[in-house]
Structure formats: structure tokens, C-alpha cells
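First the structure, in the form of C-alpha cells, and then the observations on it.
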Amino acid sequence: MQFPEYRARRLRVSETLRSLVRETQLDAKDFIYPLYVKHGSKLKEEISSMPGVYRFSIDMLEDEILEIKKLGIRSVILFGIPDSKDEMGTESYDAHGAVQEAVQEIHRVDPDMIVITDVCMCEYTDHGHCGKLDDKGYVINDATLEMLAKEAVSHAQAGADIVAPSDMMDGRVGAIRDALDEAGFENTPIMAYSAKFASAYYGPFREAAESSPKFGNRKSYQMDSANALEALREVELDIQESADFVMVKPALSYLDILWRVKERFEFPTVCYNVSGEYAMVKAAAQKGWIDEKAIVLETLLSMKRAGADLIITYHAKDTARWILEDLHKGITH
């Protein structure tokens, strides 16, 4: 049997050769680590469905930020749990809200850490939906834009480096951009959750952020999982409205969307490796059914290969630690 002259296996003989021709690599700077913050004292509450992930009171953030920095992770994204909720989610734009105070504390500990803030109403409203409701329980789009703009400006005033609207209201990127510019924050970037799908993978997050809707679901504003072309239209609209980053959420079941977005727009692209994706890996690893490190590295690599410039992931600390350990052994990922 005749083989062609080129034999691909020659470059797979050893780890050294494989690393020389590796097309995609993971680095700690690729990761954005999510943090859940709240008021209180000496609180570090593990989330039952997300082992290793915690809600922190602001006074407990210092050690966490120093650990993140030591691992080479450059950015975090904050989700706030308010002291009280109301129909209009007023704590979302309170200057003394949990997110606003956490931004200041993180910058005190590490002025160079990039602090991204999630801009949405679901954690703050007593009904658990992402905006103002009409008398039938439908989220009113344009009235919600005003609420989101106030929240984004309050985050910028607290020192947020990037604001990240996750609500999926029509026109919210443009409304937030206008509000930031008017308030003197024209250099604050917007990381838009551009293609955010109505997904079953969000369950553990809703426990962590205490943000489950009290009735119904979010399908009237989050995207239908079946729609790829609509996702591209959503991304294009956000770019036209002056988004600085676009995001696909969730990541693992939407790698095709991630690939299309990067190929079509060649724009800074983020994906969110969401809570349900994390929880499944953790649960299987605890049962001994999978090799956690190998699965996580392969999963995150698939997201990077599909086009993600940055990955929001609860695996960030573990992965950064594994990368450092393997670098000492001469192994790259």
C-alpha cells in the first residue's frame, strides 16, 4: 500500500513536536472569572449546584482577587445580590449597591484588574424578570432601556472598566452608549450579550444570583435556541449601536453560532461557558466518571478554536492553575 509523501503523524510523535504546530492555545488572560457579590460581613457561601463557586461579601473579596491575580487572570465579571428587591429593581443603580461597592474594593486591591459589570434587572426585581412589566407580565422594552442606562452609568461612576448588558432588550446597547457618553464615560466599553439564548443551562446561575423568575419564563426576550440567522442579526445590530465586544451565551451548545459570528464580523468576540455547563462537568467528575482536567481543557479549547477571544468561565481558576503547572513541565495547551 502506497502512502503519500506527507505523513501527518510525524508531527504527533512527541509532546514537543505537537506543541510546535499547535494552532490554538489557552492562556489565563483569555479567561473572565465570574464573581457573585453581596453586602454583609465575613460571608463566603458555596453554591450547592456549583461546587467551588461562592457568593462573597465585599469584605471577603481581597483574598479572592489576590489569588486570581497570582494565577494570571486579568478580568472578572460581577453579579450582585441585593439586600432588597422591588418592582423596579432600584438597588441596581444605587451608588452603595453590592456591585458598585465591589468594583471599588477590587480596584483598591488590584488597580489593574479589569472589572466588568453585568447590567440587567433580574437579580434586583421582586418578580425576577429583566425589566419593567406591563399589567399582563410582559417586559416593556423601551421603559426598561431607561432602567438599564441608569444601572450602567452607576457602574461606570463606581469605576467599572466595562459594562455588559445581558437583558436582550431591543436597542439597549445604543441607549447605554448614549447615557454613558452624556455622563462623561465615553471611554467605557460595552460588552454586549448579543446572542443570548433562552437556555436550560442557566439553572445553577439562577440559584447563585437568586434571580429565578417568579412566574413564566424569559423566552419573550431571550433568543430561540433554533435560530442562527437571527443571532447574526442581533450581533450586527449591537455592533451598529456601538458595542465594543459581542457575546454568545451559552457557549458549548452554540459553538456553531460562535464560529459564524467570528467569521462574519471579525469583531472582538466573547462566549459564556455557563453555570449548567460547569455543573455537569463538576458532577460527573465528582462521580469519577470523567477526567475533569482533560474535559475542561478540551471544552475551553473548543470555544477558543471556534472563535472566542475571551471566555467567561467558572473553570478559570482551575484552568489557569493547570496551565501554570503544565508550563513547568514543558506542556502547552
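All residue names refer to the C-alpha cells as shown: chains lettered A, B, ... in order, residues numbered from 1 in each chain, ligands numbered from 1 in order.
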Determine, using only C-alpha atoms, which residues of range 163-275 of chain A have any atom at most 12 Å from an atom of range 32-35 of chain A, and tabulate each with its shortest atom pair and distance in Å to one decimal place, rows ordered by chain and then rising number, as CSV.
residue,atom,partner,partner_atom,distance
A:Phe205,CA,A:Pro34,CA,10.6
A:Ala208,CA,A:Leu35,CA,10.0
A:Ala209,CA,A:Leu35,CA,10.0
A:Val270,CA,A:Ile32,CA,9.5
A:Cys271,CA,A:Ile32,CA,9.9
A:Tyr272,CA,A:Ile32,CA,9.1
A:Asn273,CA,A:Ile32,CA,10.1
A:Val274,CA,A:Pro34,CA,9.9
A:Ser275,CA,A:Pro34,CA,10.1
Find the residues near Glu182 in chain A: any atom within 10 Å, counting only C-alpha atoms, skip ones fewer than 5 places away on the same chain, and give them as a ChimeraX atom specification.
-> /A:153,176-177
Kindly export the residues of the current selection with C-alpha atoms, as a compact mmCIF listing (two decimals), in the first residue's frame.
# COMPACT_ATOMS: atom_id res chain seq x y z
CA VAL A 153 -23.97 54.75 34.41
CA ILE A 176 -26.50 52.67 27.25
CA ARG A 177 -23.92 54.18 24.91
Which value, in Å to one decimal, gives the distance between CA of Thr188 in chain A and CA of Phe265 in chain A?
->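 Result for CA of Thr188 in chain A versus CA of Phe265 in chain A: 21.6 Å, one decimal.
Between CA of Glu146 in chain A and CA of Ser166 in chain A the separation is 14.6 Å.
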Counting only C-alpha atoms, what is within 12 Å of Ala195 in chain A, bar same-chain residues fewer than 5 positions away, as number ranges by chain?
-> A: 165-170, 221-225, 227-239, 245-251, 254-255, 257-258, 260-261, 269-272
Take the residues from that selection and write them out as a compact mmCIF listing (two decimals), in the first residue's frame, keeping N, CA and C atoms.
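The new file result-v8.txt reads:
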# COMPACT_ATOMS: atom_id res chain seq x y z
N PRO A 165 -24.36 44.61 29.24
CA PRO A 165 -25.81 44.42 29.28
C PRO A 165 -26.21 43.01 28.83
N SER A 166 -27.00 42.32 29.67
CA SER A 166 -27.34 40.92 29.40
C SER A 166 -28.83 40.68 29.25
N ASP A 167 -29.61 41.72 29.11
CA ASP A 167 -31.07 41.66 29.19
C ASP A 167 -31.75 41.24 27.90
N MET A 168 -31.12 41.50 26.76
CA MET A 168 -31.66 41.21 25.42
C MET A 168 -32.85 42.09 25.04
N MET A 169 -32.93 43.31 25.60
CA MET A 169 -33.92 44.27 25.10
C MET A 169 -33.44 44.85 23.77
N ASP A 170 -34.37 45.15 22.88
CA ASP A 170 -34.02 45.81 21.63
C ASP A 170 -33.52 47.22 21.92
N TYR A 221 -37.89 37.51 25.49
CA TYR A 221 -36.78 38.41 25.18
C TYR A 221 -35.47 37.68 24.91
N GLN A 222 -35.22 36.52 25.52
CA GLN A 222 -34.04 35.75 25.14
C GLN A 222 -34.34 34.94 23.89
N MET A 223 -33.29 34.59 23.15
CA MET A 223 -33.46 34.03 21.81
C MET A 223 -33.89 32.58 21.79
N ASP A 224 -34.57 32.20 20.73
CA ASP A 224 -34.96 30.81 20.47
C ASP A 224 -33.71 30.01 20.09
N SER A 225 -33.51 28.88 20.76
CA SER A 225 -32.31 28.08 20.51
C SER A 225 -32.19 27.58 19.08
N ASN A 227 -32.51 29.34 16.34
CA ASN A 227 -32.28 30.39 15.36
C ASN A 227 -30.83 30.86 15.30
N ALA A 228 -30.19 30.57 14.17
CA ALA A 228 -28.81 31.00 13.94
C ALA A 228 -28.75 32.32 13.17
N LEU A 229 -29.57 32.45 12.13
CA LEU A 229 -29.56 33.68 11.34
C LEU A 229 -30.00 34.87 12.17
N GLU A 230 -30.98 34.65 13.05
CA GLU A 230 -31.42 35.72 13.94
C GLU A 230 -30.28 36.16 14.85
N ALA A 231 -29.47 35.20 15.30
CA ALA A 231 -28.33 35.54 16.15
C ALA A 231 -27.37 36.48 15.42
N LEU A 232 -27.15 36.23 14.14
CA LEU A 232 -26.27 37.11 13.37
C LEU A 232 -26.87 38.50 13.23
N ARG A 233 -28.20 38.57 13.08
CA ARG A 233 -28.85 39.88 13.00
C ARG A 233 -28.71 40.63 14.33
N GLU A 234 -28.86 39.90 15.44
CA GLU A 234 -28.72 40.54 16.75
C GLU A 234 -27.30 41.08 16.95
N VAL A 235 -26.32 40.31 16.56
CA VAL A 235 -24.93 40.75 16.69
C VAL A 235 -24.69 41.99 15.83
N GLU A 236 -25.18 41.97 14.60
CA GLU A 236 -24.98 43.11 13.71
C GLU A 236 -25.62 44.38 14.27
N LEU A 237 -26.81 44.25 14.84
CA LEU A 237 -27.48 45.40 15.44
C LEU A 237 -26.65 45.97 16.59
N ASP A 238 -26.11 45.10 17.44
CA ASP A 238 -25.32 45.59 18.57
C ASP A 238 -24.05 46.29 18.11
N ILE A 239 -23.42 45.78 17.07
CA ILE A 239 -22.24 46.46 16.51
C ILE A 239 -22.62 47.82 15.97
N PHE A 245 -17.58 44.80 22.32
CA PHE A 245 -17.43 43.34 22.28
C PHE A 245 -18.83 42.77 22.03
N VAL A 246 -18.88 41.61 21.39
CA VAL A 246 -20.14 40.88 21.27
C VAL A 246 -19.97 39.52 21.94
N MET A 247 -21.09 38.96 22.40
CA MET A 247 -21.01 37.73 23.17
C MET A 247 -22.05 36.72 22.69
N VAL A 248 -21.68 35.45 22.75
CA VAL A 248 -22.59 34.33 22.52
C VAL A 248 -22.74 33.60 23.85
N LYS A 249 -23.98 33.34 24.24
CA LYS A 249 -24.28 32.68 25.51
C LYS A 249 -25.51 31.79 25.34
N PRO A 250 -25.42 30.51 25.77
CA PRO A 250 -24.28 29.75 26.29
C PRO A 250 -23.23 29.50 25.21
N ALA A 251 -22.18 28.79 25.61
CA ALA A 251 -21.08 28.54 24.68
C ALA A 251 -21.13 27.16 24.06
N TYR A 254 -23.58 26.13 21.48
CA TYR A 254 -23.75 27.18 20.46
C TYR A 254 -22.42 27.51 19.80
N LEU A 255 -21.53 26.51 19.70
CA LEU A 255 -20.24 26.76 19.05
C LEU A 255 -20.41 27.11 17.58
N ILE A 257 -22.79 28.98 16.41
CA ILE A 257 -23.11 30.41 16.40
C ILE A 257 -21.83 31.22 16.63
N LEU A 258 -21.03 30.80 17.58
CA LEU A 258 -19.77 31.47 17.88
C LEU A 258 -18.90 31.53 16.63
N ARG A 260 -19.85 31.30 13.44
CA ARG A 260 -20.46 32.18 12.43
C ARG A 260 -20.24 33.65 12.77
N VAL A 261 -20.39 33.99 14.05
CA VAL A 261 -20.21 35.38 14.47
C VAL A 261 -18.79 35.85 14.19
N THR A 269 -14.85 38.99 20.23
CA THR A 269 -15.94 38.04 20.49
C THR A 269 -15.70 37.29 21.79
N VAL A 270 -16.75 37.25 22.61
CA VAL A 270 -16.72 36.61 23.91
C VAL A 270 -17.74 35.48 23.91
N CYS A 271 -17.47 34.42 24.65
CA CYS A 271 -18.51 33.42 24.91
C CYS A 271 -18.60 33.18 26.41
N TYR A 272 -19.76 32.72 26.85
CA TYR A 272 -20.00 32.46 28.27
C TYR A 272 -20.20 30.97 28.46
Just list the residues in range 187-231 of chain A DSSP gives strand (DSSP E or B) on the backbone, as a PyMOL selection string.
-> chain A and resi 190-197+223
Two-atom distance - CA of Ser75 in chain A, CA of Pro213 in chain A (Å) =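 Answer for the CA of Ser75 in chain A to CA of Pro213 in chain A separation: 28.7 Å.
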If you count only C-alpha atoms, the residue of A:Glu241, A:Glu15, A:Asp161, A:Asp30 closest to Lys329 in chain A turns out to be A:Glu15
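Taking only C-alpha atoms, the non-local environment of range 61-69 of chain A within 8 Å (same-chain residues fewer than 3 positions away omitted) comprises Phe56, Ser57, Ile58, Gly72, Ile73, Arg74, Ala102, Glu105, Ile106, Val109, Asp110, Met113 and Lys317 of chain A.
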As a VMD selection string, which residues of range 79-223 of chain A does DSSP assign to helix (DSSP H, G or I)?
-> chain A and resid 90 to 93 98 to 109 141 to 158 172 to 182 200 to 208
Restricting it to N, CA and C atoms, dump the selection as a short mmCIF file (atom, residue, chain, number, x, y, z; two decimals), in the first residue's frame.
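What landed in selection_21.cif:
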data_model
loop_
_atom_site.label_atom_id
_atom_site.label_comp_id
_atom_site.auth_asym_id
_atom_site.auth_seq_id
_atom_site.Cartn_x
_atom_site.Cartn_y
_atom_site.Cartn_z
N THR A 90 -34.62 48.95 42.01
CA THR A 90 -33.92 50.21 42.26
C THR A 90 -32.51 50.04 42.81
N GLU A 91 -32.24 48.92 43.49
CA GLU A 91 -30.89 48.76 44.03
C GLU A 91 -29.85 48.56 42.93
N SER A 92 -30.30 48.25 41.73
CA SER A 92 -29.35 48.03 40.62
C SER A 92 -28.54 49.29 40.31
N TYR A 93 -29.12 50.46 40.58
CA TYR A 93 -28.40 51.70 40.30
C TYR A 93 -28.10 52.51 41.56
N ALA A 98 -24.26 46.48 45.98
CA ALA A 98 -23.18 45.50 46.16
C ALA A 98 -22.18 45.55 45.01
N VAL A 99 -22.66 45.64 43.78
CA VAL A 99 -21.75 45.68 42.63
C VAL A 99 -20.91 46.95 42.67
N GLN A 100 -21.55 48.07 42.92
CA GLN A 100 -20.84 49.36 42.92
C GLN A 100 -19.73 49.36 43.97
N GLU A 101 -20.03 48.85 45.16
CA GLU A 101 -19.00 48.83 46.21
C GLU A 101 -17.93 47.76 45.93
N ALA A 102 -18.34 46.67 45.30
CA ALA A 102 -17.36 45.63 44.96
C ALA A 102 -16.37 46.13 43.91
N VAL A 103 -16.83 46.91 42.94
CA VAL A 103 -15.93 47.48 41.94
C VAL A 103 -14.83 48.29 42.63
N GLN A 104 -15.22 49.12 43.56
CA GLN A 104 -14.25 49.97 44.25
C GLN A 104 -13.28 49.14 45.09
N GLU A 105 -13.79 48.10 45.74
CA GLU A 105 -12.93 47.25 46.56
C GLU A 105 -11.92 46.49 45.70
N ILE A 106 -12.36 45.98 44.58
CA ILE A 106 -11.45 45.23 43.70
C ILE A 106 -10.35 46.15 43.17
N HIS A 107 -10.71 47.35 42.79
CA HIS A 107 -9.70 48.28 42.30
C HIS A 107 -8.76 48.74 43.41
N ARG A 108 -9.25 48.76 44.64
CA ARG A 108 -8.34 49.05 45.76
C ARG A 108 -7.29 47.95 45.91
N VAL A 109 -7.74 46.71 45.80
CA VAL A 109 -6.84 45.57 45.95
C VAL A 109 -5.90 45.45 44.76
N ASN A 141 -40.23 47.02 26.66
CA ASN A 141 -38.87 47.21 26.14
C ASN A 141 -38.32 48.60 26.42
N ASP A 142 -38.97 49.65 25.92
CA ASP A 142 -38.36 50.98 25.95
C ASP A 142 -38.27 51.56 27.36
N ALA A 143 -39.24 51.25 28.21
CA ALA A 143 -39.15 51.70 29.61
C ALA A 143 -37.99 51.02 30.31
N THR A 144 -37.72 49.78 29.94
CA THR A 144 -36.60 49.04 30.53
C THR A 144 -35.26 49.65 30.12
N LEU A 145 -35.18 50.22 28.93
CA LEU A 145 -33.92 50.82 28.48
C LEU A 145 -33.48 51.92 29.42
N GLU A 146 -34.41 52.69 29.91
CA GLU A 146 -34.07 53.78 30.84
C GLU A 146 -33.47 53.21 32.13
N MET A 147 -34.03 52.11 32.61
CA MET A 147 -33.52 51.47 33.84
C MET A 147 -32.11 50.93 33.62
N LEU A 148 -31.90 50.28 32.48
CA LEU A 148 -30.59 49.72 32.18
C LEU A 148 -29.53 50.81 32.03
N ALA A 149 -29.91 51.90 31.41
CA ALA A 149 -28.97 53.01 31.23
C ALA A 149 -28.55 53.59 32.58
N LYS A 150 -29.51 53.75 33.51
CA LYS A 150 -29.18 54.25 34.85
C LYS A 150 -28.23 53.29 35.56
N GLU A 151 -28.49 51.99 35.42
CA GLU A 151 -27.63 50.99 36.06
C GLU A 151 -26.22 51.05 35.50
N ALA A 152 -26.10 51.11 34.17
CA ALA A 152 -24.78 51.14 33.54
C ALA A 152 -23.99 52.38 33.96
N VAL A 153 -24.65 53.52 34.01
CA VAL A 153 -23.97 54.75 34.41
C VAL A 153 -23.50 54.64 35.86
N SER A 154 -24.34 54.07 36.74
CA SER A 154 -23.94 53.93 38.15
C SER A 154 -22.72 53.02 38.27
N HIS A 155 -22.63 51.98 37.44
CA HIS A 155 -21.47 51.11 37.46
C HIS A 155 -20.22 51.86 37.00
N ALA A 156 -20.38 52.65 35.94
CA ALA A 156 -19.24 53.44 35.44
C ALA A 156 -18.79 54.45 36.48
N GLN A 157 -19.73 55.07 37.16
CA GLN A 157 -19.39 56.04 38.21
C GLN A 157 -18.62 55.37 39.34
N ALA A 158 -18.92 54.11 39.60
CA ALA A 158 -18.21 53.36 40.64
C ALA A 158 -16.82 52.92 40.19
N ARG A 172 -30.85 48.29 23.53
CA ARG A 172 -30.24 48.65 24.82
C ARG A 172 -28.80 49.08 24.69
N VAL A 173 -28.07 48.58 23.72
CA VAL A 173 -26.67 48.99 23.57
C VAL A 173 -26.59 50.47 23.20
N GLY A 174 -27.42 50.89 22.26
CA GLY A 174 -27.45 52.30 21.87
C GLY A 174 -27.87 53.20 23.01
N ALA A 175 -28.88 52.77 23.79
CA ALA A 175 -29.35 53.58 24.91
C ALA A 175 -28.27 53.72 25.97
N ILE A 176 -27.57 52.63 26.26
CA ILE A 176 -26.50 52.67 27.25
C ILE A 176 -25.33 53.51 26.75
N ARG A 177 -25.00 53.38 25.46
CA ARG A 177 -23.92 54.18 24.91
C ARG A 177 -24.22 55.67 25.03
N ASP A 178 -25.43 56.05 24.69
CA ASP A 178 -25.82 57.46 24.79
C ASP A 178 -25.73 57.95 26.23
N ALA A 179 -26.22 57.13 27.17
CA ALA A 179 -26.22 57.53 28.57
C ALA A 179 -24.79 57.64 29.12
N LEU A 180 -23.94 56.69 28.76
CA LEU A 180 -22.55 56.75 29.22
C LEU A 180 -21.86 57.99 28.66
N ASP A 181 -22.06 58.26 27.38
CA ASP A 181 -21.41 59.42 26.76
C ASP A 181 -21.89 60.71 27.41
N GLU A 182 -23.19 60.80 27.65
CA GLU A 182 -23.75 62.01 28.26
C GLU A 182 -23.21 62.23 29.67
N ALA A 200 -31.78 26.07 28.96
CA ALA A 200 -31.92 25.27 30.17
C ALA A 200 -30.62 25.20 30.96
N TYR A 201 -29.53 25.67 30.38
CA TYR A 201 -28.22 25.61 31.04
C TYR A 201 -28.02 26.69 32.10
N TYR A 202 -29.00 27.57 32.30
CA TYR A 202 -28.83 28.67 33.25
C TYR A 202 -29.27 28.33 34.68
N GLY A 203 -29.77 27.13 34.91
CA GLY A 203 -30.36 26.80 36.20
C GLY A 203 -29.49 27.12 37.41
N PRO A 204 -28.26 26.62 37.47
CA PRO A 204 -27.43 26.91 38.65
C PRO A 204 -27.16 28.40 38.85
N PHE A 205 -27.03 29.16 37.77
CA PHE A 205 -26.83 30.61 37.90
C PHE A 205 -27.98 31.25 38.67
N ARG A 206 -29.20 30.79 38.36
CA ARG A 206 -30.36 31.41 39.00
C ARG A 206 -30.39 31.13 40.49
N GLU A 207 -29.84 29.99 40.88
CA GLU A 207 -29.65 29.75 42.32
C GLU A 207 -28.59 30.69 42.88
N ALA A 208 -27.47 30.81 42.17
CA ALA A 208 -26.35 31.62 42.65
C ALA A 208 -26.74 33.09 42.79
#
Near Arg55 in chain A, counting only C-alpha atoms, which residues have an atom at most 6 Å away, once you skip same-chain residues fewer than 3 positions from it, shown as a ChimeraX atom specification?
-> /A:36-37,44-45
As an mmCIF file with C-alpha atoms, in the first residue's frame, please: the residues near Gly330 in chain A (cut-off 9 Å, only C-alpha atoms, same-chain neighbours under 2 positions excluded).
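Contents of the output file around_2.cif:
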data_model
loop_
_atom_site.group_PDB
_atom_site.id
_atom_site.type_symbol
_atom_site.label_atom_id
_atom_site.label_comp_id
_atom_site.auth_asym_id
_atom_site.auth_seq_id
_atom_site.Cartn_x
_atom_site.Cartn_y
_atom_site.Cartn_z
ATOM 1 C CA GLU A 15 4.516 16.479 23.080
ATOM 2 C CA THR A 16 7.336 18.791 21.998
ATOM 3 C CA ASP A 326 1.928 22.146 32.882
ATOM 4 C CA LEU A 327 4.145 25.001 31.687
ATOM 5 C CA HIS A 328 6.637 23.982 34.363
ATOM 6 C CA THR A 332 1.309 23.943 26.482
#
Quick one: of A:Lys282, A:Lys136, A:Arg12, A:Lys293, who's nearest to Ser49 in chain A, counting only C-alpha atoms?
-> A:Lys282
Non-local contacts of Asp59 in chain A (9 Å; only C-alpha atoms; under 4 positions in same chain excluded) as a PyMOL selection string = chain A and resi 39-43+102+105
Go through A:Thr24, A:Ser220, A:Ser48, A:Ser302 and flag the residue nearest His129 in chain A, using only C-alpha atoms for the distances.
-> A:Ser220
